[in-house]
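Colleague: Compact mmCIF, C-alpha atoms, file upload_37.txt:
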# COMPACT_ATOMS: atom_id res chain seq x y z
CA MET A 1 78.64 69.46 72.11
CA SER A 2 81.09 68.05 74.66
CA SER A 3 80.16 67.79 78.34
CA ALA A 4 82.34 68.47 81.37
CA ALA A 5 82.80 64.73 81.70
CA ASP A 6 84.44 64.69 78.24
CA THR A 7 86.73 67.64 78.97
CA PRO A 8 89.91 67.44 81.07
CA PRO A 9 89.54 69.38 84.35
CA VAL A 10 93.05 70.77 83.91
CA LEU A 11 94.84 71.55 80.65
CA VAL A 12 98.62 71.43 80.45
CA GLU A 13 100.00 73.43 77.53
CA THR A 14 103.76 73.39 76.89
CA ASP A 15 105.73 75.69 74.65
CA ASP A 16 108.88 73.62 74.16
CA GLN A 17 110.72 76.41 72.35
CA GLU A 18 110.23 78.84 75.21
CA ALA A 19 110.38 76.15 77.97
CA VAL A 20 107.15 77.53 79.48
CA THR A 21 104.25 75.36 80.63
CA THR A 22 100.76 76.71 81.28
CA VAL A 23 98.60 74.77 83.77
CA ARG A 24 94.99 75.82 83.22
CA LEU A 25 91.95 75.13 85.42
CA ASN A 26 89.27 74.05 83.00
CA ARG A 27 85.85 73.98 84.61
CA PRO A 28 84.51 77.36 83.37
CA ASP A 29 80.84 76.41 83.69
CA ASN A 30 81.39 75.93 87.43
CA ARG A 31 83.60 79.04 87.72
CA ASN A 32 86.47 76.64 88.38
CA ALA A 33 85.04 75.75 91.80
CA LEU A 34 87.30 73.21 93.44
CA THR A 35 85.63 69.84 93.18
CA LEU A 36 87.57 66.72 94.13
CA GLU A 37 88.15 66.00 90.45
CA LEU A 38 89.66 69.42 89.81
CA LYS A 39 91.79 69.43 92.96
CA VAL A 40 93.35 66.05 92.20
CA ALA A 41 94.05 66.99 88.57
CA LEU A 42 95.57 70.35 89.54
CA ARG A 43 97.72 68.84 92.28
CA ASP A 44 99.07 66.11 90.02
CA ALA A 45 99.72 68.48 87.11
CA LEU A 46 101.64 70.97 89.23
CA GLU A 47 103.74 68.32 90.95
CA ALA A 48 104.63 66.83 87.57
CA VAL A 49 105.60 70.23 86.16
CA ALA A 50 107.65 71.01 89.28
CA ASP A 51 109.69 67.85 88.69
CA ASP A 52 110.15 68.38 84.95
CA PRO A 53 113.67 69.74 84.28
CA SER A 54 112.70 70.85 80.76
CA VAL A 55 110.27 73.44 82.16
CA ARG A 56 111.92 76.73 83.11
CA ALA A 57 108.82 78.79 83.98
CA VAL A 58 105.14 78.10 84.66
CA VAL A 59 101.89 79.98 84.15
CA LEU A 60 98.87 79.14 86.32
CA ALA A 61 95.73 80.18 84.44
CA SER A 62 92.07 79.26 84.00
CA SER A 63 89.33 78.99 81.40
CA GLY A 64 86.16 81.08 81.49
CA LYS A 65 85.24 84.28 83.30
CA ALA A 66 86.44 83.35 86.80
CA PHE A 67 89.89 82.30 87.90
CA CYS A 68 88.68 80.13 90.80
CA VAL A 69 85.88 80.68 93.32
CA GLY A 70 87.37 78.30 95.88
CA GLN A 71 85.97 75.09 97.30
CA ASP A 72 82.79 73.74 95.73
CA LEU A 73 80.64 74.15 98.83
CA ARG A 74 77.82 71.96 97.55
CA GLU A 75 80.24 69.05 97.32
CA HIS A 76 81.72 70.04 100.69
CA ALA A 77 78.26 70.11 102.32
CA GLU A 78 77.56 66.60 101.01
CA ALA A 79 80.89 65.37 102.35
CA LEU A 80 80.18 66.90 105.77
CA ARG A 81 76.80 65.15 105.93
CA ALA A 82 78.32 61.86 104.77
CA GLY A 83 80.93 62.05 107.51
CA GLU A 84 78.58 62.71 110.41
CA ASP A 85 78.44 59.09 111.60
CA GLY A 86 82.21 58.90 111.92
CA GLY A 87 82.76 62.40 113.23
CA ILE A 88 81.56 65.58 111.58
CA GLY A 89 83.21 66.02 108.24
CA ALA A 90 86.32 63.95 108.86
CA ASP A 91 86.63 62.96 105.20
CA ALA A 92 85.60 66.41 103.97
CA LEU A 93 88.48 68.05 105.84
CA SER A 94 91.16 65.67 104.59
CA THR A 95 91.14 67.72 101.39
CA VAL A 96 93.30 70.40 103.06
CA PRO A 97 96.43 68.25 103.62
CA GLU A 98 95.78 65.95 100.65
CA HIS A 99 95.04 68.59 98.03
CA TYR A 100 95.23 72.26 99.03
CA ASN A 101 98.51 72.03 100.90
CA ARG A 102 100.19 70.07 98.13
CA ILE A 103 98.92 72.47 95.45
CA ALA A 104 100.12 75.54 97.35
CA ALA A 105 103.43 73.88 98.22
CA ALA A 106 104.03 72.89 94.60
CA LEU A 107 103.43 76.49 93.48
CA GLY A 108 105.37 78.12 96.27
CA THR A 109 108.39 75.83 96.48
CA MET A 110 109.05 74.58 92.93
CA ARG A 111 112.52 75.74 91.85
CA LYS A 112 111.25 77.74 88.89
CA PRO A 113 109.22 80.94 88.63
CA VAL A 114 105.42 80.75 88.53
CA VAL A 115 103.25 83.52 87.08
CA CYS A 116 99.51 83.58 87.79
CA ALA A 117 97.08 84.90 85.15
CA ILE A 118 93.99 85.95 87.10
CA ASN A 119 91.28 86.40 84.48
CA GLY A 120 88.37 86.90 86.88
CA THR A 121 87.05 86.29 90.39
CA ALA A 122 89.54 84.70 92.80
CA VAL A 123 88.07 83.68 96.15
CA GLY A 124 89.13 81.48 99.06
CA ALA A 125 91.53 78.76 98.00
CA GLY A 126 91.55 80.30 94.52
CA LEU A 127 93.09 83.43 96.03
CA GLY A 128 95.42 81.24 98.07
CA PHE A 129 96.72 79.51 94.95
CA ALA A 130 97.23 82.84 93.20
CA LEU A 131 99.26 84.17 96.13
CA ALA A 132 101.36 81.00 96.26
CA CYS A 133 102.67 81.99 92.81
CA ASP A 134 105.62 84.34 92.48
CA LEU A 135 104.12 87.06 90.26
CA ARG A 136 100.54 87.87 89.29
CA VAL A 137 98.73 89.62 86.44
CA ALA A 138 95.00 90.33 86.85
CA ALA A 139 92.23 91.42 84.52
CA ALA A 140 90.73 94.86 85.16
CA GLY A 141 87.78 94.76 87.51
CA THR A 142 88.59 91.33 88.92
CA LYS A 143 87.13 90.78 92.38
CA PHE A 144 89.06 89.10 95.18
CA ALA A 145 87.94 87.88 98.61
CA THR A 146 89.24 85.57 101.32
CA ALA A 147 85.72 84.26 102.13
CA PHE A 148 86.77 81.69 104.75
CA ALA A 149 85.38 83.43 107.84
CA GLY A 150 81.95 83.56 106.19
CA ILE A 151 81.66 79.79 106.62
CA GLY A 152 83.30 79.65 110.05
CA PHE A 153 86.75 78.76 108.74
CA GLY A 154 90.21 80.23 109.04
CA GLY A 155 92.40 80.48 105.95
CA ASP A 156 93.97 77.64 104.02
CA SER A 157 96.12 77.12 100.91
CA GLY A 158 98.81 79.17 102.62
CA LEU A 159 96.71 82.33 102.47
CA SER A 160 97.26 83.17 106.14
CA GLY A 161 100.96 83.61 105.42
CA THR A 162 101.11 84.72 101.80
CA LEU A 163 98.49 87.45 102.19
CA ALA A 164 100.30 88.90 105.20
CA HIS A 165 103.54 88.72 103.24
CA CYS A 166 101.97 90.74 100.41
CA VAL A 167 99.99 93.38 102.29
CA GLY A 168 101.20 93.29 105.90
CA SER A 169 99.66 91.65 108.93
CA SER A 170 97.17 94.40 109.75
CA ARG A 171 95.48 94.48 106.33
CA ALA A 172 95.69 90.69 106.02
CA THR A 173 93.90 90.28 109.35
CA GLU A 174 91.21 92.71 108.20
CA LEU A 175 90.71 90.90 104.88
CA LEU A 176 90.63 87.46 106.52
CA MET A 177 88.29 88.43 109.36
CA LEU A 178 85.86 90.70 107.50
CA GLY A 179 86.02 88.94 104.14
CA GLU A 180 85.36 92.15 102.22
CA THR A 181 85.97 92.08 98.48
CA PHE A 182 88.73 94.08 96.83
CA THR A 183 89.52 94.76 93.20
CA ALA A 184 92.41 94.10 90.85
CA GLU A 185 93.20 97.80 90.97
CA GLN A 186 93.41 97.76 94.77
CA ALA A 187 95.46 94.57 94.59
CA ARG A 188 97.92 96.33 92.29
CA ASP A 189 98.16 99.30 94.65
CA TRP A 190 98.76 96.96 97.60
CA GLY A 191 101.49 95.03 95.77
CA ILE A 192 99.51 91.81 95.31
CA VAL A 193 99.48 91.94 91.51
CA ARG A 194 102.22 93.24 89.23
CA GLU A 195 99.99 94.39 86.40
CA VAL A 196 96.31 94.96 85.60
CA ALA A 197 95.41 94.05 82.02
CA GLU A 198 92.36 95.37 80.19
CA THR A 199 90.79 91.98 79.35
CA SER A 200 91.08 88.32 80.31
CA GLU A 201 92.74 87.62 76.95
CA ALA A 202 95.28 90.38 77.58
CA THR A 203 95.86 88.94 81.06
CA ASP A 204 96.81 85.55 79.64
CA ALA A 205 99.09 87.18 77.07
CA ALA A 206 100.83 89.37 79.65
CA ALA A 207 101.36 86.44 82.03
CA LEU A 208 102.78 84.29 79.23
CA ALA A 209 105.10 87.08 78.09
CA LEU A 210 106.35 87.50 81.66
CA ALA A 211 106.89 83.74 82.04
CA ARG A 212 108.85 83.66 78.76
CA ARG A 213 111.03 86.51 80.01
CA LEU A 214 111.71 84.62 83.22
CA ALA A 215 112.35 81.35 81.37
CA ALA A 216 115.06 83.09 79.37
CA GLY A 217 116.70 84.36 82.55
CA PRO A 218 118.94 82.82 85.24
CA THR A 219 116.48 80.27 86.58
CA LEU A 220 118.96 78.84 89.09
CA ALA A 221 119.31 82.33 90.58
CA PHE A 222 115.53 82.76 90.51
CA ALA A 223 115.15 79.54 92.51
CA GLU A 224 117.52 80.84 95.18
CA ILE A 225 115.77 84.24 95.23
CA LYS A 226 112.42 82.48 95.66
CA ALA A 227 113.73 80.43 98.59
CA ALA A 228 115.41 83.42 100.25
CA VAL A 229 112.31 85.63 99.95
CA ALA A 230 110.24 82.85 101.55
CA MET A 231 112.62 82.91 104.52
CA GLY A 232 111.66 86.53 105.07
CA THR A 233 108.19 85.55 106.24
CA VAL A 234 107.41 84.96 109.90
CA SER A 235 106.98 81.24 109.18
CA SER A 236 107.81 79.15 106.17
CA LEU A 237 105.03 78.23 103.75
CA ARG A 238 105.10 74.61 104.88
CA GLU A 239 104.73 75.64 108.54
CA VAL A 240 101.80 77.88 107.64
CA LEU A 241 100.16 75.05 105.67
CA GLU A 242 100.53 72.65 108.59
CA HIS A 243 99.01 75.16 111.01
CA GLU A 244 96.12 75.91 108.65
CA ALA A 245 95.35 72.23 108.13
CA SER A 246 95.22 71.64 111.88
CA ALA A 247 93.02 74.71 112.41
CA GLN A 248 90.62 73.75 109.61
CA ALA A 249 90.26 70.28 111.11
CA ARG A 250 89.26 71.83 114.44
CA LEU A 251 86.93 74.39 112.87
CA GLY A 252 85.43 71.83 110.50
CA ALA A 253 84.18 69.86 113.50
CA THR A 254 82.12 72.80 114.77
CA GLU A 255 78.40 73.35 114.39
CA ASP A 256 79.17 76.89 113.24
CA HIS A 257 80.99 75.63 110.17
CA ARG A 258 78.49 72.96 109.21
CA ASN A 259 75.52 75.29 109.67
CA ALA A 260 77.24 78.09 107.73
CA VAL A 261 77.96 75.77 104.79
CA ASP A 262 74.33 74.65 104.76
CA ALA A 263 73.22 78.30 104.89
CA PHE A 264 75.49 79.17 101.96
CA VAL A 265 74.06 76.35 99.85
CA ALA A 266 70.52 77.44 100.79
CA LYS A 267 71.42 81.10 100.04
CA GLU A 268 70.61 82.10 103.61
CA LYS A 269 72.55 84.22 106.10
CA PRO A 270 74.50 82.07 108.58
CA VAL A 271 74.11 82.47 112.34
CA PHE A 272 77.27 81.87 114.36
CA ARG A 273 76.97 80.72 117.97
CA GLY A 274 80.59 80.01 118.85
CA ALA A 275 80.13 76.27 119.07
Write the structure described by the file as structure tokens, please.
Modeller:
Amino acid sequence: MSSAADTPPVLVETDDQEAVTTVRLNRPDNRNALTLELKVALRDALEAVADDPSVRAVVLASSGKAFCVGQDLREHAEALRAGEDGGIGADALSTVPEHYNRIAAALGTMRKPVVCAINGTAVGAGLGFALACDLRVAAAGTKFATAFAGIGFGGDSGLSGTLAHCVGSSRATELLMLGETFTAEQARDWGIVREVAETSEATDAAALALARRLAAGPTLAFAEIKAAVAMGTVSSLREVLEHEASAQARLGATEDHRNAVDAFVAKEKPVFRGA
């Protein structure tokens, strides 16, 4: 039996005939939680695909029963503790500009359509990556949540902008502040996902079929549509990413954030003191 160490953290599957590439998160035993290993592999794979002229459409997918549950908070807690001598969590927070921003930017700005196959739970940065894609298909019953405020953070991975773009500023503020879960069916009704499929397997198939349809279409026009739609937001994706990175750096230096991460790892309820 192979171990996680023997298995690539990200799988890149290319259908040359259809000119579609699937980039698949591949840490199902960890619910595709974003460890450093997975973030680096995902970032590099997406940037390579974005620069590949033979690829006309992309599917972002995942293995297992969850799409992505966001940052691996056990790893994050260790990084915060390791950084205390040089300033609380300085190294831990560099992951936003080095990894999350580049992943979201690759998805949101590559000049080809990206379809996200959401086979299960999408939380935090996992939700951010899904919303950085152009179109989304989700499995029935999938749960979504922003989750950031629960550990004393704002949003990242572009979620502050993309969520508001999808559902409007009022509902986005509610979802980011309260962190309440919502379902694939609600997401469809709100315009976040295009289609709800019955199973995770059907979700992958529907996303691939949609990507093949797009790959056969006028991809140069799609690239211009993608750029023009992005201009319709209050701020560009890159401006949102820069703001989020700066905000996370400030919030990551607070006692509230560090204590909330420790509470999460210990399965306790965090206490926020505004410091």
Colleague: Residues of region 106-156 of chain A that approach region 214-233 of chain A to 12 Å or less, counting all atoms listed in the file: could you list each one with the shortest pair of atoms and its distance in Å to one decimal, rows by chain and increasing residue number, as a Markdown table?
Modeller:
| residue | atom | partner | partner_atom | distance |
| --- | --- | --- | --- | --- |
| A:Leu107 | CA | A:Lys226 | CA | 11.0 |
| A:Gly108 | CA | A:Lys226 | CA | 8.3 |
| A:Thr109 | CA | A:Ala227 | CA | 7.4 |
| A:Met110 | CA | A:Ala223 | CA | 7.9 |
| A:Arg111 | CA | A:Ala223 | CA | 4.7 |
| A:Lys112 | CA | A:Ala223 | CA | 5.6 |
| A:Pro113 | CA | A:Phe222 | CA | 6.8 |
| A:Val114 | CA | A:Leu214 | CA | 9.1 |
| A:Val115 | CA | A:Leu214 | CA | 9.4 |
| A:Ala132 | CA | A:Ala230 | CA | 10.5 |
| A:Cys133 | CA | A:Lys226 | CA | 10.2 |
| A:Asp134 | CA | A:Lys226 | CA | 7.7 |
| A:Leu135 | CA | A:Leu214 | CA | 10.6 |
Colleague: What's the separation between CA of Ala104 (chain A) and CA of Phe153 (chain A), in Å to one decimal place?
Modeller: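 Interatomic distance here is 17.9 Å.
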Colleague: Which residue out of A:Asp262, A:Glu255, A:Asp16, A:Glu47 has the minimum interatomic distance to Ala77 (chain A) when all atoms listed in the file are used?
Modeller: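 The shortest atom-to-atom distance to Ala77 (chain A) comes from A:Asp262.
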Colleague: I'd like the neighbourhood of Lys39 (chain A) as a PDB file with C-alpha atoms, in the coordinates of the input, where a residue qualifies if any of its atoms comes within 12 Å (using all atoms listed in the file), though same-chain residues fewer than 3 positions away should be ignored.
Modeller:
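File written: around04.pdb
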ATOM      1  CA  PRO A   9      89.540  69.380  84.350  1.00  0.00           C
ATOM      2  CA  VAL A  10      93.050  70.770  83.910  1.00  0.00           C
ATOM      3  CA  LEU A  25      91.950  75.130  85.420  1.00  0.00           C
ATOM      4  CA  ASN A  26      89.270  74.050  83.000  1.00  0.00           C
ATOM      5  CA  ARG A  27      85.850  73.980  84.610  1.00  0.00           C
ATOM      6  CA  ASN A  32      86.470  76.640  88.380  1.00  0.00           C
ATOM      7  CA  ALA A  33      85.040  75.750  91.800  1.00  0.00           C
ATOM      8  CA  LEU A  34      87.300  73.210  93.440  1.00  0.00           C
ATOM      9  CA  THR A  35      85.630  69.840  93.180  1.00  0.00           C
ATOM     10  CA  LEU A  36      87.570  66.720  94.130  1.00  0.00           C
ATOM     11  CA  LEU A  42      95.570  70.350  89.540  1.00  0.00           C
ATOM     12  CA  ARG A  43      97.720  68.840  92.280  1.00  0.00           C
ATOM     13  CA  ASP A  44      99.070  66.110  90.020  1.00  0.00           C
ATOM     14  CA  ALA A  45      99.720  68.480  87.110  1.00  0.00           C
ATOM     15  CA  LEU A  46     101.640  70.970  89.230  1.00  0.00           C
ATOM     16  CA  CYS A  68      88.680  80.130  90.800  1.00  0.00           C
ATOM     17  CA  GLY A  70      87.370  78.300  95.880  1.00  0.00           C
ATOM     18  CA  GLN A  71      85.970  75.090  97.300  1.00  0.00           C
ATOM     19  CA  ASP A  72      82.790  73.740  95.730  1.00  0.00           C
ATOM     20  CA  THR A  95      91.140  67.720 101.390  1.00  0.00           C
ATOM     21  CA  VAL A  96      93.300  70.400 103.060  1.00  0.00           C
ATOM     22  CA  PRO A  97      96.430  68.250 103.620  1.00  0.00           C
ATOM     23  CA  GLU A  98      95.780  65.950 100.650  1.00  0.00           C
ATOM     24  CA  HIS A  99      95.040  68.590  98.030  1.00  0.00           C
ATOM     25  CA  TYR A 100      95.230  72.260  99.030  1.00  0.00           C
ATOM     26  CA  ASN A 101      98.510  72.030 100.900  1.00  0.00           C
ATOM     27  CA  ARG A 102     100.190  70.070  98.130  1.00  0.00           C
ATOM     28  CA  ILE A 103      98.920  72.470  95.450  1.00  0.00           C
ATOM     29  CA  ALA A 104     100.120  75.540  97.350  1.00  0.00           C
ATOM     30  CA  ALA A 125      91.530  78.760  98.000  1.00  0.00           C
ATOM     31  CA  GLY A 126      91.550  80.300  94.520  1.00  0.00           C
ATOM     32  CA  PHE A 129      96.720  79.510  94.950  1.00  0.00           C
ATOM     33  CA  SER A 157      96.120  77.120 100.910  1.00  0.00           C
TER      34      SER A 157
END
Colleague: Which residues come within 10 Å of Glu201 (chain A), counting all atoms listed in the file, excluding same-chain residues fewer than 4 positions away, as a list in words?
Modeller: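 With the cut-off at 10 Å, the set is Ala117, Asn119, Ala139, Ala197, Ala205 and Ala206 of chain A.
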Colleague: Those same residues, written as a compact mmCIF listing (two decimals), keeping the file's coordinate frame with C-alpha atoms?
Modeller:
# COMPACT_ATOMS: atom_id res chain seq x y z
CA ALA A 117 97.08 84.90 85.15
CA ASN A 119 91.28 86.40 84.48
CA ALA A 139 92.23 91.42 84.52
CA ALA A 197 95.41 94.05 82.02
CA ALA A 205 99.09 87.18 77.07
CA ALA A 206 100.83 89.37 79.65
Colleague: Can you measure CA of Lys143 (chain A) to CA of Ala187 (chain A) for me? One decimal in Å is fine.
Modeller: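 These atoms are spaced 9.4 Å apart.
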Colleague: Closest to Pro270 (chain A) among A:Ile118, A:Ala19, A:Ala149, A:Ala106, using only C-alpha atoms?
Modeller: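 Among A:Ile118, A:Ala19, A:Ala149, A:Ala106, it is A:Ala149 that comes nearest to Pro270 (chain A).
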Colleague: Around the point (93.6, 102.6, 80.9), in the coordinates given by the file, pick out the residues reaching within 10 Å, counting only C-alpha atoms, and return them as a list in words.
Modeller: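 Those residues, ordered by chain and then number, are Ala140, Val196, Ala197 and Glu198 of chain A.
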